[in-house]
Amino acid sequence: MIVLWVVIVGLVLLALWQGSVAISANKTTDRLPAAGRTVVHLVVAGVGLAIALGWGTSSDTEEEAASTALSLPGGVFIVGAVGLVIITIAGYHIYSGISARFLKHLDRHPPARS
């Protein structure tokens with residue numbers, strides 16, 4: 001459980017960092033991705049917080065959510081599209097890690113020298 005709290009705090013700190021990058025960036029092409037990462041980090045931190053506090057731990061809740069989503073008009077397509085988006089994002093991050101493409105972001109925002 002301690003590790004989960006450390007991850008939550010880390011995600012919030014990452015969100016703060018990306019938020020500061022989004023605010024201080026000069027170009028829109030730098031602001032928008034940083035703002036998107038801020039939102040993603042906060043959402044994942046929120047999910048972690050919900051898990052840590054024990055909200056929605058019942059398997060019935062998960063079944064109800066899936067049932068509700070699938071019963072919507074076009075629900076199968078909505079669930080499939082969400083799954084495809086998640087797989088695409090994961091694939092991009094795997095590619096970025098393997099190709100070391102993420103290093104260009106580090107070059108744009110080097111750490112401050114003290």
# chains A, B, ... in the order shown; residues from 1 in each chain; ligands from 1
call {"tool": "residues_around", "arguments": {"residues": "Asp30 in chain A", "least_positions_apart": "2", "cutoff": "12 Å", "atoms": "only C-alpha atoms", "output": "list in words"}}
result
Gln18, Gly19, Ser20, Val21, Ala22, Ile23, Ser24, Ala25, Asn26, Lys27, Thr28, Leu32, Pro33, Ala34, Ala35, Gly36, Arg37, His105, Arg108 and His109 of chain A
call {"tool": "select_by_dssp", "arguments": {"residues": "chain A", "states": "helix (DSSP H, G or I)", "output": "count of residues only"}}
result
92
call {"tool": "residues_around", "arguments": {"residues": "Gly80 in chain A", "least_positions_apart": "5", "cutoff": "12 Å", "atoms": "only C-alpha atoms", "output": "PDB file with C-alpha atoms, in the first residue's frame"}}
result
ATOM      1  CA  ALA A  66     -19.470  -2.803 -18.488  1.00  0.00           C
ATOM      2  CA  ALA A  69     -21.612   0.749 -21.526  1.00  0.00           C
ATOM      3  CA  LEU A  70     -22.540  -2.236 -23.669  1.00  0.00           C
ATOM      4  CA  GLY A  74     -23.449   1.554 -30.264  1.00  0.00           C
ATOM      5  CA  GLY A  75     -22.030   0.445 -26.919  1.00  0.00           C
ATOM      6  CA  VAL A  85      -7.324   4.115 -28.119  1.00  0.00           C
ATOM      7  CA  ILE A  86      -5.716   2.525 -25.046  1.00  0.00           C
ATOM      8  CA  ILE A  87      -3.830  -0.014 -27.171  1.00  0.00           C
TER       9      ILE A  87
END
call {"tool": "closest_residue", "arguments": {"among": "A:Thr68, A:Ser99, A:Leu11, A:Ala90", "to": "Leu49 in chain A", "atoms": "only C-alpha atoms"}}
result
A:Leu11
call {"tool": "closest_residue", "arguments": {"among": "A:Ile8, A:Leu13, A:Tyr92, A:Ala65", "to": "Val79 in chain A", "atoms": "only C-alpha atoms"}}
result
A:Ala65
call {"tool": "closest_residue", "arguments": {"among": "A:Ile94, A:Val12, A:Val76, A:Leu84", "to": "Ala45 in chain A", "atoms": "only C-alpha atoms"}}
result
A:Val12
call {"tool": "decode", "arguments": {"residues": "range 2-111 of chain A", "atoms": "C-alpha atoms", "output": "PDB file, in the first residue's frame"}}
result
ATOM      1  CA  ILE A   2       2.932   2.343   0.647  1.00  0.00           C
ATOM      2  CA  VAL A   3       4.105   1.880  -2.928  1.00  0.00           C
ATOM      3  CA  LEU A   4       0.673   2.918  -4.203  1.00  0.00           C
ATOM      4  CA  TRP A   5       0.802   6.153  -2.201  1.00  0.00           C
ATOM      5  CA  VAL A   6       4.323   6.846  -3.499  1.00  0.00           C
ATOM      6  CA  VAL A   7       3.063   6.346  -7.070  1.00  0.00           C
ATOM      7  CA  ILE A   8       0.095   8.669  -6.447  1.00  0.00           C
ATOM      8  CA  VAL A   9       2.359  11.399  -5.072  1.00  0.00           C
ATOM      9  CA  GLY A  10       4.759  10.889  -7.992  1.00  0.00           C
ATOM     10  CA  LEU A  11       1.939  11.219 -10.516  1.00  0.00           C
ATOM     11  CA  VAL A  12       0.701  14.416  -8.889  1.00  0.00           C
ATOM     12  CA  LEU A  13       4.245  15.824  -8.977  1.00  0.00           C
ATOM     13  CA  LEU A  14       4.551  14.834 -12.653  1.00  0.00           C
ATOM     14  CA  ALA A  15       1.235  16.574 -13.325  1.00  0.00           C
ATOM     15  CA  LEU A  16       2.498  19.727 -11.614  1.00  0.00           C
ATOM     16  CA  TRP A  17       5.690  19.634 -13.668  1.00  0.00           C
ATOM     17  CA  GLN A  18       3.846  19.102 -16.950  1.00  0.00           C
ATOM     18  CA  GLY A  19       1.373  21.813 -15.981  1.00  0.00           C
ATOM     19  CA  SER A  20       4.239  24.241 -15.444  1.00  0.00           C
ATOM     20  CA  VAL A  21       5.682  23.254 -18.834  1.00  0.00           C
ATOM     21  CA  ALA A  22       2.266  23.841 -20.437  1.00  0.00           C
ATOM     22  CA  ILE A  23       2.028  27.288 -18.857  1.00  0.00           C
ATOM     23  CA  SER A  24       5.588  28.396 -19.554  1.00  0.00           C
ATOM     24  CA  ALA A  25       6.013  26.974 -23.072  1.00  0.00           C
ATOM     25  CA  ASN A  26       6.314  29.481 -25.885  1.00  0.00           C
ATOM     26  CA  LYS A  27       4.781  27.377 -28.658  1.00  0.00           C
ATOM     27  CA  THR A  28       1.331  25.839 -28.829  1.00  0.00           C
ATOM     28  CA  THR A  29       2.976  22.660 -30.140  1.00  0.00           C
ATOM     29  CA  ASP A  30       4.743  22.381 -26.775  1.00  0.00           C
ATOM     30  CA  ARG A  31       1.793  23.524 -24.652  1.00  0.00           C
ATOM     31  CA  LEU A  32      -0.869  21.121 -25.884  1.00  0.00           C
ATOM     32  CA  PRO A  33       1.066  17.864 -25.341  1.00  0.00           C
ATOM     33  CA  ALA A  34       2.181  19.039 -21.898  1.00  0.00           C
ATOM     34  CA  ALA A  35      -1.407  19.947 -20.989  1.00  0.00           C
ATOM     35  CA  GLY A  36      -2.572  16.535 -22.211  1.00  0.00           C
ATOM     36  CA  ARG A  37       0.061  14.777 -20.125  1.00  0.00           C
ATOM     37  CA  THR A  38      -1.022  16.862 -17.126  1.00  0.00           C
ATOM     38  CA  VAL A  39      -4.593  15.637 -17.493  1.00  0.00           C
ATOM     39  CA  VAL A  40      -3.509  12.014 -17.974  1.00  0.00           C
ATOM     40  CA  HIS A  41      -1.265  12.094 -14.894  1.00  0.00           C
ATOM     41  CA  LEU A  42      -4.058  13.584 -12.785  1.00  0.00           C
ATOM     42  CA  VAL A  43      -6.610  11.036 -14.001  1.00  0.00           C
ATOM     43  CA  VAL A  44      -4.293   8.113 -13.279  1.00  0.00           C
ATOM     44  CA  ALA A  45      -3.466   9.610  -9.861  1.00  0.00           C
ATOM     45  CA  GLY A  46      -7.209   9.909  -9.197  1.00  0.00           C
ATOM     46  CA  VAL A  47      -7.752   6.260 -10.102  1.00  0.00           C
ATOM     47  CA  GLY A  48      -4.879   5.312  -7.804  1.00  0.00           C
ATOM     48  CA  LEU A  49      -6.391   7.411  -5.025  1.00  0.00           C
ATOM     49  CA  ALA A  50      -9.759   5.712  -5.495  1.00  0.00           C
ATOM     50  CA  ILE A  51      -8.073   2.320  -5.234  1.00  0.00           C
ATOM     51  CA  ALA A  52      -6.055   3.371  -2.171  1.00  0.00           C
ATOM     52  CA  LEU A  53      -9.175   4.617  -0.409  1.00  0.00           C
ATOM     53  CA  GLY A  54     -11.165   1.518  -1.353  1.00  0.00           C
ATOM     54  CA  TRP A  55     -13.769   3.246  -3.524  1.00  0.00           C
ATOM     55  CA  GLY A  56     -15.460   1.002  -6.058  1.00  0.00           C
ATOM     56  CA  THR A  57     -13.637  -2.185  -5.116  1.00  0.00           C
ATOM     57  CA  SER A  58     -16.668  -4.396  -5.682  1.00  0.00           C
ATOM     58  CA  SER A  59     -16.559  -6.579  -8.780  1.00  0.00           C
ATOM     59  CA  ASP A  60     -20.293  -5.899  -9.149  1.00  0.00           C
ATOM     60  CA  THR A  61     -19.452  -2.265  -9.875  1.00  0.00           C
ATOM     61  CA  GLU A  62     -17.159  -3.270 -12.742  1.00  0.00           C
ATOM     62  CA  GLU A  63     -19.791  -5.605 -14.158  1.00  0.00           C
ATOM     63  CA  GLU A  64     -22.431  -2.884 -13.873  1.00  0.00           C
ATOM     64  CA  ALA A  65     -20.205  -0.374 -15.671  1.00  0.00           C
ATOM     65  CA  ALA A  66     -19.470  -2.803 -18.488  1.00  0.00           C
ATOM     66  CA  SER A  67     -23.125  -3.756 -18.725  1.00  0.00           C
ATOM     67  CA  THR A  68     -24.195  -0.111 -18.872  1.00  0.00           C
ATOM     68  CA  ALA A  69     -21.612   0.749 -21.526  1.00  0.00           C
ATOM     69  CA  LEU A  70     -22.540  -2.236 -23.669  1.00  0.00           C
ATOM     70  CA  SER A  71     -26.281  -1.518 -23.387  1.00  0.00           C
ATOM     71  CA  LEU A  72     -25.887   1.981 -24.862  1.00  0.00           C
ATOM     72  CA  PRO A  73     -26.685   2.468 -28.533  1.00  0.00           C
ATOM     73  CA  GLY A  74     -23.449   1.554 -30.264  1.00  0.00           C
ATOM     74  CA  GLY A  75     -22.030   0.445 -26.919  1.00  0.00           C
ATOM     75  CA  VAL A  76     -19.999  -2.377 -28.440  1.00  0.00           C
ATOM     76  CA  PHE A  77     -18.347   0.116 -30.775  1.00  0.00           C
ATOM     77  CA  ILE A  78     -17.752   2.608 -27.941  1.00  0.00           C
ATOM     78  CA  VAL A  79     -16.073  -0.041 -25.778  1.00  0.00           C
ATOM     79  CA  GLY A  80     -14.070  -1.226 -28.781  1.00  0.00           C
ATOM     80  CA  ALA A  81     -13.001   2.333 -29.649  1.00  0.00           C
ATOM     81  CA  VAL A  82     -11.874   2.986 -26.070  1.00  0.00           C
ATOM     82  CA  GLY A  83      -9.899  -0.249 -26.117  1.00  0.00           C
ATOM     83  CA  LEU A  84      -8.326   0.684 -29.445  1.00  0.00           C
ATOM     84  CA  VAL A  85      -7.324   4.115 -28.119  1.00  0.00           C
ATOM     85  CA  ILE A  86      -5.716   2.525 -25.046  1.00  0.00           C
ATOM     86  CA  ILE A  87      -3.830  -0.014 -27.171  1.00  0.00           C
ATOM     87  CA  THR A  88      -2.689   2.733 -29.578  1.00  0.00           C
ATOM     88  CA  ILE A  89      -1.395   4.926 -26.748  1.00  0.00           C
ATOM     89  CA  ALA A  90       0.385   1.954 -25.184  1.00  0.00           C
ATOM     90  CA  GLY A  91       1.922   1.069 -28.545  1.00  0.00           C
ATOM     91  CA  TYR A  92       3.164   4.624 -29.000  1.00  0.00           C
ATOM     92  CA  HIS A  93       4.805   4.600 -25.565  1.00  0.00           C
ATOM     93  CA  ILE A  94       6.430   1.230 -26.225  1.00  0.00           C
ATOM     94  CA  TYR A  95       7.741   2.516 -29.575  1.00  0.00           C
ATOM     95  CA  SER A  96       8.942   5.731 -27.948  1.00  0.00           C
ATOM     96  CA  GLY A  97      10.783   3.775 -25.270  1.00  0.00           C
ATOM     97  CA  ILE A  98      12.406   1.293 -27.641  1.00  0.00           C
ATOM     98  CA  SER A  99      13.453   3.942 -30.157  1.00  0.00           C
ATOM     99  CA  ALA A 100      14.606   6.346 -27.405  1.00  0.00           C
ATOM    100  CA  ARG A 101      12.402   8.976 -29.022  1.00  0.00           C
ATOM    101  CA  PHE A 102      11.525  10.367 -25.602  1.00  0.00           C
ATOM    102  CA  LEU A 103      15.056  11.762 -25.298  1.00  0.00           C
ATOM    103  CA  LYS A 104      14.181  14.667 -27.607  1.00  0.00           C
ATOM    104  CA  HIS A 105      11.702  15.896 -24.965  1.00  0.00           C
ATOM    105  CA  LEU A 106      14.450  15.874 -22.380  1.00  0.00           C
ATOM    106  CA  ASP A 107      16.647  17.967 -24.669  1.00  0.00           C
ATOM    107  CA  ARG A 108      13.899  20.593 -25.017  1.00  0.00           C
ATOM    108  CA  HIS A 109      13.468  20.965 -21.261  1.00  0.00           C
ATOM    109  CA  PRO A 110      16.852  20.375 -19.622  1.00  0.00           C
ATOM    110  CA  PRO A 111      17.010  20.472 -15.836  1.00  0.00           C
TER     111      PRO A 111
END
